[in-house]
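Everything on this sheet refers to the single structure shown next.
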Amino acid sequence: MGWMGKSVLAAAFSCTREARQAFQDGIFWVTIGLNPDLVASMSIIGTKLGDDPKNYSSKEEAKASLSNKLPDKICLIILDDVWQVAHAEPFVNALGSRCKLLITTRNNDIVTSLGAQEHKIDVLSKPEALKLLASWYEQGVNSLPSEALKVAKECGYLPPRSIYLRCNG
């Protein structure tokens, strides 16, 4: 399901001190989308790891070059908004043993096909939505005005998307 906050959660995770310390060679964000430029995406990662941009002139060269760059790296690659397994496979196949991949997708078949561990994000229950609203205003749920339930319902009990994130460092 779209608009659930998958990308926001991935971004929030990537900004944590723990994630940044764990992935010493970097955290790389790649937005895939419906019509991705996979060569350009692989090139961005490879060149940030010190590879020559000339090694990314075709899909096959890019896959080979990225595969040669990642074996000894400790990094996280975040593939955001993946729609097809074929769009994730070049990155999956290039990973070194100490690299990790985080994928956001609406397509459960991608998770199954890649043998990935799934973490679903669902709509909030009424009590969860009210608890979230109360925490924003630093008050108890019982202190919320009656309109709070109407706001939560109008938003479809979806978690917030409009979170501003800034990574320091």
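Residues in the structure tokens are named by chain (A, B, ... in the order shown) and by number from 1 within that chain; ligands are numbered from 1 in the order shown.
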Hey, what does DSSP flag as strand (DSSP E or B) within chain A? Can you give it to me as a PyMOL selection string? chain A and resi 26-33+75-82+100-105
For the structure I just gave you, how does DSSP split segment 91-155 of chain A - specifically, which residues are helix (DSSP H, G or I)? Reply as a tab-separated table (two decimals) with C-alpha atoms, in the first residue's frame.
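Saved result, out_7.tsv, follows:
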```tsv
chain	number	residue	atom	x	y	z
A	91	PHE	CA	22.17	-4.61	-6.36
A	92	VAL	CA	21.37	-7.89	-4.60
A	93	ASN	CA	23.88	-9.74	-6.77
A	94	ALA	CA	26.61	-7.14	-6.17
A	108	ASN	CA	5.04	-8.51	-1.78
A	109	ASP	CA	6.25	-10.66	-4.68
A	110	ILE	CA	9.58	-8.81	-4.57
A	111	VAL	CA	10.06	-9.76	-0.93
A	112	THR	CA	9.23	-13.40	-1.66
A	113	SER	CA	11.32	-13.61	-4.83
A	114	LEU	CA	14.40	-12.19	-3.13
A	126	LYS	CA	-7.84	4.16	16.57
A	127	PRO	CA	-6.07	3.95	19.95
A	128	GLU	CA	-2.62	4.05	18.27
A	129	ALA	CA	-3.61	7.08	16.17
A	130	LEU	CA	-4.87	8.93	19.24
A	131	LYS	CA	-1.77	7.99	21.22
A	132	LEU	CA	0.40	9.39	18.40
A	133	LEU	CA	-1.58	12.64	18.30
A	134	ALA	CA	-1.35	12.92	22.07
A	135	SER	CA	2.42	12.41	22.00
A	136	TRP	CA	2.78	15.25	19.47
A	141	VAL	CA	-4.98	10.67	25.20
A	142	ASN	CA	-7.85	11.60	27.52
A	143	SER	CA	-6.79	15.27	27.31
A	147	GLU	CA	-11.85	16.66	17.16
A	148	ALA	CA	-8.73	14.48	17.51
A	149	LEU	CA	-10.64	11.32	16.63
A	150	LYS	CA	-12.13	13.08	13.60
A	151	VAL	CA	-8.65	14.11	12.46
A	152	ALA	CA	-7.32	10.57	12.86
A	153	LYS	CA	-10.29	9.12	10.99
A	154	GLU	CA	-10.05	11.71	8.18
```
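Take the candidates A:Leu38, A:Val8, A:Ile27, A:Ala116 and check each one against Ile77 of chain A using only C-alpha atoms; the shortest distance goes to A:Ile27.
Atom pair atom CA of Leu79 of chain A / atom CA of Lys48 of chain A has a distance of 16.2 Å (rounded to one decimal).
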Of A:Ile44, A:Ile32, A:Leu124, A:Cys15, the one nearest to Gln84 of chain A when counting only C-alpha atoms is A:Ile32
**Study point:** Exercise: Ser43 of chain A partners within 7 Å, only C-alpha atoms, chain neighbours under 3 positions left out, as a VMD selection string
**Key:** chain A and resid 39 to 40 46 to 47 53 56 62
Please provide the set of residues having any atom within 12 Å of Leu102 of chain A, restricted to only C-alpha atoms, with same-chain residues fewer than 5 positions apart removed, written as JSON, numbers by chain.
{"A": [6, 7, 9, 10, 11, 13, 14, 27, 28, 29, 30, 31, 75, 76, 77, 78, 79, 80, 81, 82, 88, 91, 92, 95, 111, 114, 116, 117, 118, 119]}
